[in-house]
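Note sheet for the following structure.
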Amino acid sequence: MTRKRLNRTLRRVYVILALLLAISMIARFADQSPLIAGGPLERPLLALYDYLKDMSLVIVTVIAAYLANVFQKRATFVESLRQEWRGIVQTKSALFSFCESTYPSTDDYLRAYCRISETLDNMRIVYRNVGETRNLIGLYPFAPLHDMRRALATLDPRASTKVSPEQRELVRDAILQGFYALREKFLDELDLEEPSTPLTASVARRLKQSGATSRARRVQAHQQQRLEGDPKTPRPDVDEFLRDLYYREHAATHADAQTSRLRPSA
């Protein structure tokens, strides 16, 4: 279920709920409304209110079940989109690798071509063609995939064994251009959001310093004392080996940290 269809379904549910609430409110105060009280609509509206009150649990249950089914379909659709996108990324990598190969074989070409062909066909389980009817095939929903296929076909070793590096570079750039255009539209359906804590610096590094709190050190020391005082050690040689590796690793880490702090800035 696409986002557009989901929003349309939710709007329909909201309208139905609003109408039910409005009708129930009018029916509830029918005997107090000067326009309805004493008229022919008073008794039917009061009876309708009693009916809605008795059926309220059923109505809520039906609407809740319907919404659960709607959101389940949406979740399944989004997961299918994610799987399809992973396949598209792998296909782009396979085509890029083929274009960058110096002496690709016919088998390499067939594997790359089968990969893009599978990606094209797998789209059928996610989207139908645009403008497709009973009598019309419609248009493929993401044409850049066919652009990538056609570009790859120009490098078929069976058609020509003399392909210049410039031709391979042109095909590679055409494949990447199609992929970037596809990414801009395909991922829009996933409702992606910005990260809560983005890291946008181009030269990023960890800002936390090595070490731990005194409480953590006390817990570590206590556990270490218990282990060293246990006479039931099955393999003392293994314990000694691991202990030696631990102290050597932490000693090297401490030395590297000291060197970094003492290194003069450029």
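Every chain in the structure tokens has a letter given in the order shown (A, B, ...), and although residue numbers restart at 1 in each chain, ligands are simply numbered from 1 in the order shown.
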Report the residues of region 23-250 of chain A whose backbone DSSP state falls under helix (DSSP H, G or I), written as a PyMOL selection string.
chain A and resi 23-28+42-100+106-125+144-153+165-190+214-228+236-250
Extract, using only C-alpha atoms, all DNA, RNA and protein residues at most 12 Å from Ser97 (chain A), discarding same-chain residues fewer than 2 positions from it, and format them as a PyMOL selection string.
chain A and resi 90-95+99-104+108-109+111-112+152+168-169+171-172+175-176
Spatial neighbours of Tyr66 (chain A), max dist 12 Å, only C-alpha atoms, sep filter under 5 positions, as a PDB file with all heavy atoms, in the first residue's frame:
ATOM      1  N   THR A   9      -7.106   6.273   2.396  1.00  0.00           N
ATOM      2  CA  THR A   9      -7.894   5.368   3.243  1.00  0.00           C
ATOM      3  C   THR A   9      -8.127   5.975   4.620  1.00  0.00           C
ATOM      4  O   THR A   9      -9.246   5.899   5.165  1.00  0.00           O
ATOM      5  CB  THR A   9      -7.168   4.022   3.379  1.00  0.00           C
ATOM      6  OG1 THR A   9      -6.978   3.448   2.081  1.00  0.00           O
ATOM      7  CG2 THR A   9      -7.962   3.059   4.240  1.00  0.00           C
ATOM      8  N   LEU A  10      -7.096   6.587   5.189  1.00  0.00           N
ATOM      9  CA  LEU A  10      -7.253   7.198   6.506  1.00  0.00           C
ATOM     10  C   LEU A  10      -8.239   8.367   6.464  1.00  0.00           C
ATOM     11  O   LEU A  10      -9.031   8.536   7.395  1.00  0.00           O
ATOM     12  CB  LEU A  10      -5.888   7.676   7.023  1.00  0.00           C
ATOM     13  CG  LEU A  10      -4.892   6.581   7.385  1.00  0.00           C
ATOM     14  CD1 LEU A  10      -3.572   7.192   7.834  1.00  0.00           C
ATOM     15  CD2 LEU A  10      -5.441   5.670   8.477  1.00  0.00           C
ATOM     16  N   ARG A  12     -10.766   8.599   4.511  1.00  0.00           N
ATOM     17  CA  ARG A  12     -12.101   8.003   4.427  1.00  0.00           C
ATOM     18  C   ARG A  12     -12.574   7.533   5.803  1.00  0.00           C
ATOM     19  O   ARG A  12     -13.736   7.733   6.180  1.00  0.00           O
ATOM     20  CB  ARG A  12     -12.069   6.829   3.442  1.00  0.00           C
ATOM     21  CG  ARG A  12     -13.441   6.270   3.114  1.00  0.00           C
ATOM     22  CD  ARG A  12     -13.339   5.105   2.150  1.00  0.00           C
ATOM     23  NE  ARG A  12     -12.693   5.496   0.915  1.00  0.00           N
ATOM     24  CZ  ARG A  12     -11.551   4.971   0.464  1.00  0.00           C
ATOM     25  NH1 ARG A  12     -10.936   4.040   1.175  1.00  0.00           N
ATOM     26  NH2 ARG A  12     -11.043   5.372  -0.677  1.00  0.00           N
ATOM     27  N   VAL A  13     -11.679   6.928   6.560  1.00  0.00           N
ATOM     28  CA  VAL A  13     -12.038   6.466   7.903  1.00  0.00           C
ATOM     29  C   VAL A  13     -12.363   7.652   8.806  1.00  0.00           C
ATOM     30  O   VAL A  13     -13.334   7.614   9.588  1.00  0.00           O
ATOM     31  CB  VAL A  13     -10.885   5.630   8.501  1.00  0.00           C
ATOM     32  CG1 VAL A  13     -11.152   5.315   9.965  1.00  0.00           C
ATOM     33  CG2 VAL A  13     -10.715   4.331   7.716  1.00  0.00           C
ATOM     34  N   ILE A  59     -18.611  -1.344  16.529  1.00  0.00           N
ATOM     35  CA  ILE A  59     -18.113  -0.361  15.560  1.00  0.00           C
ATOM     36  C   ILE A  59     -16.638  -0.078  15.784  1.00  0.00           C
ATOM     37  O   ILE A  59     -15.828  -0.061  14.844  1.00  0.00           O
ATOM     38  CB  ILE A  59     -18.940   0.931  15.650  1.00  0.00           C
ATOM     39  CG1 ILE A  59     -20.383   0.671  15.210  1.00  0.00           C
ATOM     40  CG2 ILE A  59     -18.321   2.025  14.788  1.00  0.00           C
ATOM     41  CD1 ILE A  59     -21.314   1.855  15.421  1.00  0.00           C
ATOM     42  N   VAL A  60     -16.261   0.128  17.041  1.00  0.00           N
ATOM     43  CA  VAL A  60     -14.853   0.401  17.358  1.00  0.00           C
ATOM     44  C   VAL A  60     -13.979  -0.791  16.993  1.00  0.00           C
ATOM     45  O   VAL A  60     -12.882  -0.649  16.444  1.00  0.00           O
ATOM     46  CB  VAL A  60     -14.700   0.763  18.841  1.00  0.00           C
ATOM     47  CG1 VAL A  60     -13.234   0.825  19.235  1.00  0.00           C
ATOM     48  CG2 VAL A  60     -15.380   2.099  19.136  1.00  0.00           C
ATOM     49  N   THR A  61     -14.475  -2.006  17.281  1.00  0.00           N
ATOM     50  CA  THR A  61     -13.698  -3.205  16.965  1.00  0.00           C
ATOM     51  C   THR A  61     -13.495  -3.362  15.469  1.00  0.00           C
ATOM     52  O   THR A  61     -12.386  -3.686  15.006  1.00  0.00           O
ATOM     53  CB  THR A  61     -14.405  -4.449  17.528  1.00  0.00           C
ATOM     54  OG1 THR A  61     -14.581  -4.300  18.941  1.00  0.00           O
ATOM     55  CG2 THR A  61     -13.598  -5.698  17.246  1.00  0.00           C
ATOM     56  N   PHE A  71      -2.563  -0.867   8.105  1.00  0.00           N
ATOM     57  CA  PHE A  71      -1.178  -0.614   8.483  1.00  0.00           C
ATOM     58  C   PHE A  71      -0.300  -1.854   8.272  1.00  0.00           C
ATOM     59  O   PHE A  71       0.898  -1.718   8.007  1.00  0.00           O
ATOM     60  CB  PHE A  71      -1.108  -0.154   9.939  1.00  0.00           C
ATOM     61  CG  PHE A  71      -1.579   1.258  10.138  1.00  0.00           C
ATOM     62  CD1 PHE A  71      -2.716   1.528  10.893  1.00  0.00           C
ATOM     63  CD2 PHE A  71      -0.904   2.316   9.579  1.00  0.00           C
ATOM     64  CE1 PHE A  71      -3.155   2.827  11.076  1.00  0.00           C
ATOM     65  CE2 PHE A  71      -1.334   3.630   9.748  1.00  0.00           C
ATOM     66  CZ  PHE A  71      -2.464   3.877  10.503  1.00  0.00           C
ATOM     67  N   GLN A  72      -0.889  -3.044   8.383  1.00  0.00           N
ATOM     68  CA  GLN A  72      -0.131  -4.257   8.087  1.00  0.00           C
ATOM     69  C   GLN A  72       0.243  -4.308   6.609  1.00  0.00           C
ATOM     70  O   GLN A  72       1.376  -4.667   6.252  1.00  0.00           O
ATOM     71  CB  GLN A  72      -0.949  -5.491   8.466  1.00  0.00           C
ATOM     72  CG  GLN A  72      -0.258  -6.816   8.162  1.00  0.00           C
ATOM     73  CD  GLN A  72       1.024  -6.981   8.947  1.00  0.00           C
ATOM     74  OE1 GLN A  72       1.109  -6.565  10.098  1.00  0.00           O
ATOM     75  NE2 GLN A  72       2.023  -7.580   8.330  1.00  0.00           N
ATOM     76  N   LYS A  73      -0.705  -3.938   5.744  1.00  0.00           N
ATOM     77  CA  LYS A  73      -0.409  -3.890   4.315  1.00  0.00           C
ATOM     78  C   LYS A  73       0.668  -2.851   4.018  1.00  0.00           C
ATOM     79  O   LYS A  73       1.550  -3.074   3.185  1.00  0.00           O
ATOM     80  CB  LYS A  73      -1.678  -3.562   3.529  1.00  0.00           C
ATOM     81  CG  LYS A  73      -2.692  -4.694   3.469  1.00  0.00           C
ATOM     82  CD  LYS A  73      -3.892  -4.302   2.624  1.00  0.00           C
ATOM     83  CE  LYS A  73      -4.886  -5.441   2.517  1.00  0.00           C
ATOM     84  NZ  LYS A  73      -6.085  -5.067   1.702  1.00  0.00           N
TER      85      LYS A  73
END
Option closest in space to Tyr127 (chain A), from A:Thr213, A:Gln220, A:Gln225, A:Ser80 [counting only C-alpha atoms]:
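So, comparing all the options, the nearest one is A:Ser80.
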Find the residue from A:Tyr49, A:Arg235, A:Leu136, A:Tyr14 that sits nearest to Ala30 (chain A); use only C-alpha atoms when measuring.
A:Tyr49
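You will find CA of Ala143 (chain A) at 12.0 Å from CA of Arg183 (chain A).
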Please provide the set of residues having any atom within 12 Å of Glu79 (chain A), restricted to only C-alpha atoms, with same-chain residues fewer than 5 positions apart removed, written as a PyMOL selection string.
chain A and resi 1-2+72-74+84-86+125-126+189-190
If you keep N, CA and C atoms, can you produce a file of those selected residues as a compact mmCIF listing (two decimals), in the first residue's frame?
# COMPACT_ATOMS: atom_id res chain seq x y z
N MET A 1 0.85 -1.20 0.00
CA MET A 1 0.00 0.00 0.00
C MET A 1 0.88 1.24 0.00
N THR A 2 0.74 2.04 -1.03
CA THR A 2 1.54 3.25 -1.13
C THR A 2 1.10 4.29 -0.11
N GLN A 72 -0.89 -3.04 8.38
CA GLN A 72 -0.13 -4.26 8.09
C GLN A 72 0.24 -4.31 6.61
N LYS A 73 -0.70 -3.94 5.74
CA LYS A 73 -0.41 -3.89 4.31
C LYS A 73 0.67 -2.85 4.02
N ARG A 74 0.60 -1.72 4.70
CA ARG A 74 1.61 -0.68 4.51
C ARG A 74 2.98 -1.17 4.94
N GLU A 84 13.56 -4.54 -2.47
CA GLU A 84 13.79 -4.20 -3.87
C GLU A 84 14.93 -3.20 -4.00
N TRP A 85 15.02 -2.24 -3.09
CA TRP A 85 16.10 -1.26 -3.16
C TRP A 85 17.45 -1.92 -2.91
N ARG A 86 17.50 -2.84 -1.97
CA ARG A 86 18.76 -3.57 -1.75
C ARG A 86 19.19 -4.29 -3.03
N ILE A 125 6.54 -7.18 -8.38
CA ILE A 125 5.89 -7.56 -7.13
C ILE A 125 5.72 -6.37 -6.20
N VAL A 126 6.19 -5.20 -6.61
CA VAL A 126 6.08 -3.99 -5.80
C VAL A 126 5.12 -2.99 -6.43
N GLU A 189 9.15 7.13 -1.24
CA GLU A 189 8.00 6.39 -0.71
C GLU A 189 8.26 5.84 0.69
N LEU A 190 9.52 5.79 1.12
CA LEU A 190 9.86 5.17 2.40
C LEU A 190 9.69 6.10 3.59
I need the residue nearest Ile88 (chain A) from this list: A:Asn129, A:Met148, A:Ile137, A:Ala68. Use only C-alpha atoms for the distance.
A:Met148
